[in-house]
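Here is the structure we will look at.
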Amino acid sequence: MDYVEPKIARDMPGMRLALTAGAPGPWSESAKGIFHVKKIDYVPVLQVGGGQNEDLVAWTGTRNAPVAVYNDEPPKEAWMDILMLAERIAPEPRLVPDDAAERAMMFGLSHEICGEDGYAWNLRLIMFHDVVKAGGMNENFKTMADSYGYTEQTAQAAPEKTAKIVRLLATQLHEQKTRNSRYFVGSQLSALDIYWACFCAMIRPMPQEKCPMSDQLRYLYNNRDAAVDAAIDPVLIDHRDYIYETYLELPMDF
C-alpha cells in the first residue's frame with residue numbers, strides 16, 4: 001500500500017485514513033473493509049504501530065490507527081465513530097441494520113470484539129505477556145502494552161475472557177445457521193461480519209498467499225493459548241473465509 005505521510009495528508013481534501021503499516025492490524029483492516037464495501041475512496045496515511053507518530057498526533061491528536069479524517073471534519077478514531085462516518089458518507093449498502101433488535105445485537109457483539117476489555121484487547125495482553133516472557137519487550141511494544149494496561153495480573157485473566165467471547169460468537173453463528181443465514185445478525189452483511197473477519201487474524205491468520213507477513217509477525221498473531229484454542233469453533237473460521245472471499249480484498253495489502 002502506498003502510504004502518505006501525515007504532514008502531507010493533512011492538507012489534502014476528501015477522506016484520509018491513517019492505517020497501521022506493515023501488519024494486519026485488525027482495527028485498521030476492518031476500517032479498510034468497511035470503506036471497500038461502501039466504495040469510499042480514501043488516501044492511506046502512514047501510522048507506525050507502537051511508534052510516537054508525532055506528525056499524526058499534531059494533526060489528529062492521537063498516535064494510534066485507524067483515524068479517519070473527512071475534509072475539514074474532526075478526526076474519528078473510535079471504531080464505532082468510523083463506522084457511522086462511513087454510513088453517513090455512503091448510506092448504501094447499509095452495514096448497520098435498520099431493525100432495532102438486530103442493530104443492538106450488532107453493536108453489542110461488535111463491542112465484544114473491538115472494544116476495551118474485549119476479545120482483541122485481551123488478545124493483545126496475551127501477546128504482550130508472550131513478548132515479556134521471551135525477553136523481547138522493546139520501546140514500541142512497551143508503549144503499546146502500557147496503553148492496554150498490561151500487567152501480569154491482567155495478562156493472566158485475559159485467556160478466559162477471550163475464550164468466553166469466542167464461544168459467544170460461535171454460538172451466535174450456529175443460531176444463525178438454523179435460520180439459514182450466513183451472517184451474524186439478520187440475513188445480510190453487517191459491520192459485525194467485517195469486524196470478525198478482520199479480527200479473526202489475531203488467533204488464526206489467513207494463509208501466507210492471502211495474508212503475507214513475516215515469520216515473526218505470524219508467530220505473534222497465531223494463538224498459542226490453550227484456553228483460547230479450545231474455544232475456537234470451525235464455524236468462526238468458515239465465516240471469516242466466506243466474508244473475505246465474498247466481500248473483501250485478497251490478498252491483503254498492508
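To be explicit about the labels: the chains of the C-alpha cells are called A, B, and onward in the order shown, and within each one the residues are counted from 1, while ligands get numbers from 1 in the order they are shown.
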Which residues, written as a VMD selection string, have at least one atom at most 7 Å from segment 112-124 of chain A, with only C-alpha atoms counted and residues fewer than 5 positions away on the same chain left out?
chain A and resid 158 162 165
Spatial neighbours of Asp81 of chain A, max dist 10 Å, only C-alpha atoms, sep filter under 6 positions, as a VMD selection string
chain A and resid 67 to 68 75 87
What is the atom CA of Asn53 of chain A to atom CA of Val4 of chain A distance in Å?
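Atom-to-atom, atom CA of Asn53 of chain A and atom CA of Val4 of chain A are spaced 13.1 Å apart.
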For each of A:Ala18, A:Leu125, A:Ala227, A:Ala157, take the minimum atom-to-atom distance to Lys142 of chain A, counting only C-alpha atoms, then give the residue where this is smallest.
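Going through A:Ala18, A:Leu125, A:Ala227, A:Ala157 one by one, the smallest distance to Lys142 of chain A is for A:Leu125.
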Contacts of Tyr244 of chain A at 10 Å (only C-alpha atoms; same-chain gap of 4+ positions) as JSON, numbers by chain
{"A": [33, 193, 194, 197, 198, 206, 210, 239, 240, 248, 249, 250, 251, 252]}
Residues from last step as file, C-alpha atoms, as a JSON list (two decimals), in the first residue's frame:
```json
[["chain", "number", "residue", "atom", "x", "y", "z"],
["A", 33, "GLY", "CA", -13.00, -3.36, 4.77],
["A", 193, "ASP", "CA", -19.29, -9.65, 9.89],
["A", 194, "ILE", "CA", -16.42, -7.45, 8.70],
["A", 197, "ALA", "CA", -13.37, -11.46, 9.55],
["A", 198, "CYS", "CA", -10.59, -8.94, 10.22],
["A", 206, "MET", "CA", -5.18, -16.37, 6.76],
["A", 210, "LYS", "CA", -3.72, -14.35, 1.22],
["A", 239, "HIS", "CA", -17.32, -17.31, 8.43],
["A", 240, "ARG", "CA", -14.06, -15.38, 8.07],
["A", 248, "LEU", "CA", -13.27, -8.04, 0.98],
["A", 249, "GLU", "CA", -9.94, -7.75, -0.82],
["A", 250, "LEU", "CA", -7.45, -10.58, -1.22],
["A", 251, "PRO", "CA", -4.55, -10.86, -0.97],
["A", 252, "MET", "CA", -4.44, -8.46, 1.95]]
```
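Pairwise distance (atom CA of Arg16 of chain A, atom CA of Val69 of chain A) equals 5.1 Å.
We find atom CA of Ala134 of chain A and atom CA of Arg224 of chain A to be spaced 13.8 Å apart.
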I want to know what sits within 10 Å of Val235 of chain A, based on only C-alpha atoms, with residues of the same chain fewer than 4 positions away left out; could you give that as a PyMOL selection string?
chain A and resi 169-171+173-174+177+239-241
Between A:Ala21, A:Leu95, A:Leu109, A:Leu83, which has the minimum distance to Gln188 of chain A (counting only C-alpha atoms)?
A:Leu95
Of the residues A:Asp225, A:Asp238, A:Glu102, A:Glu92, which is the one nearest to Val37 of chain A, using only C-alpha atoms?
A:Glu92
Identify which of the residues A:Lys164, A:Ile34, A:Gly108, A:Arg10 lies closest to Ile243 of chain A, counting only C-alpha atoms when measuring atom-to-atom distances.
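Nearest to Ile243 of chain A: A:Ile34.
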May I have the residues within 12 Å of Gly186 of chain A as a short mmCIF file (atom, residue, chain, number, x, y, z; two decimals) with C-alpha atoms, in the first residue's frame, using only C-alpha atoms and disregarding those fewer than 2 positions away in the same chain?
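Final output, saved to result_22.cif:
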```cif
data_model
loop_
_atom_site.label_atom_id
_atom_site.label_comp_id
_atom_site.auth_asym_id
_atom_site.auth_seq_id
_atom_site.Cartn_x
_atom_site.Cartn_y
_atom_site.Cartn_z
CA LEU A 95 -23.73 -2.02 7.37
CA VAL A 96 -25.81 -1.02 10.38
CA PRO A 97 -29.13 -2.93 10.49
CA ASP A 98 -32.34 -0.94 10.26
CA ASP A 99 -34.11 -3.31 12.66
CA ALA A 100 -33.59 -2.09 16.24
CA ALA A 101 -33.06 -5.53 17.79
CA GLU A 102 -30.59 -6.54 15.09
CA ARG A 103 -28.82 -3.20 15.46
CA ALA A 104 -28.48 -3.66 19.22
CA MET A 105 -27.13 -7.16 18.73
CA MET A 106 -24.68 -5.97 16.10
CA GLN A 172 -24.42 -16.76 17.57
CA LEU A 173 -23.25 -18.10 14.20
CA GLU A 175 -28.01 -19.99 15.85
CA GLN A 176 -27.96 -18.02 12.60
CA LYS A 177 -27.30 -21.20 10.64
CA THR A 178 -30.60 -22.59 11.96
CA ARG A 179 -32.21 -19.53 10.31
CA ASN A 180 -30.38 -20.24 7.03
CA SER A 181 -28.29 -17.10 7.40
CA ARG A 182 -24.56 -16.75 6.63
CA TYR A 183 -24.32 -13.60 8.78
CA PHE A 184 -24.06 -12.73 12.47
CA GLN A 188 -27.41 -9.64 5.13
CA LEU A 189 -23.90 -8.36 5.66
CA SER A 190 -23.32 -6.01 8.59
CA ALA A 191 -20.24 -4.33 10.02
CA LEU A 192 -20.09 -7.12 12.62
CA ASP A 193 -19.29 -9.65 9.89
#
```
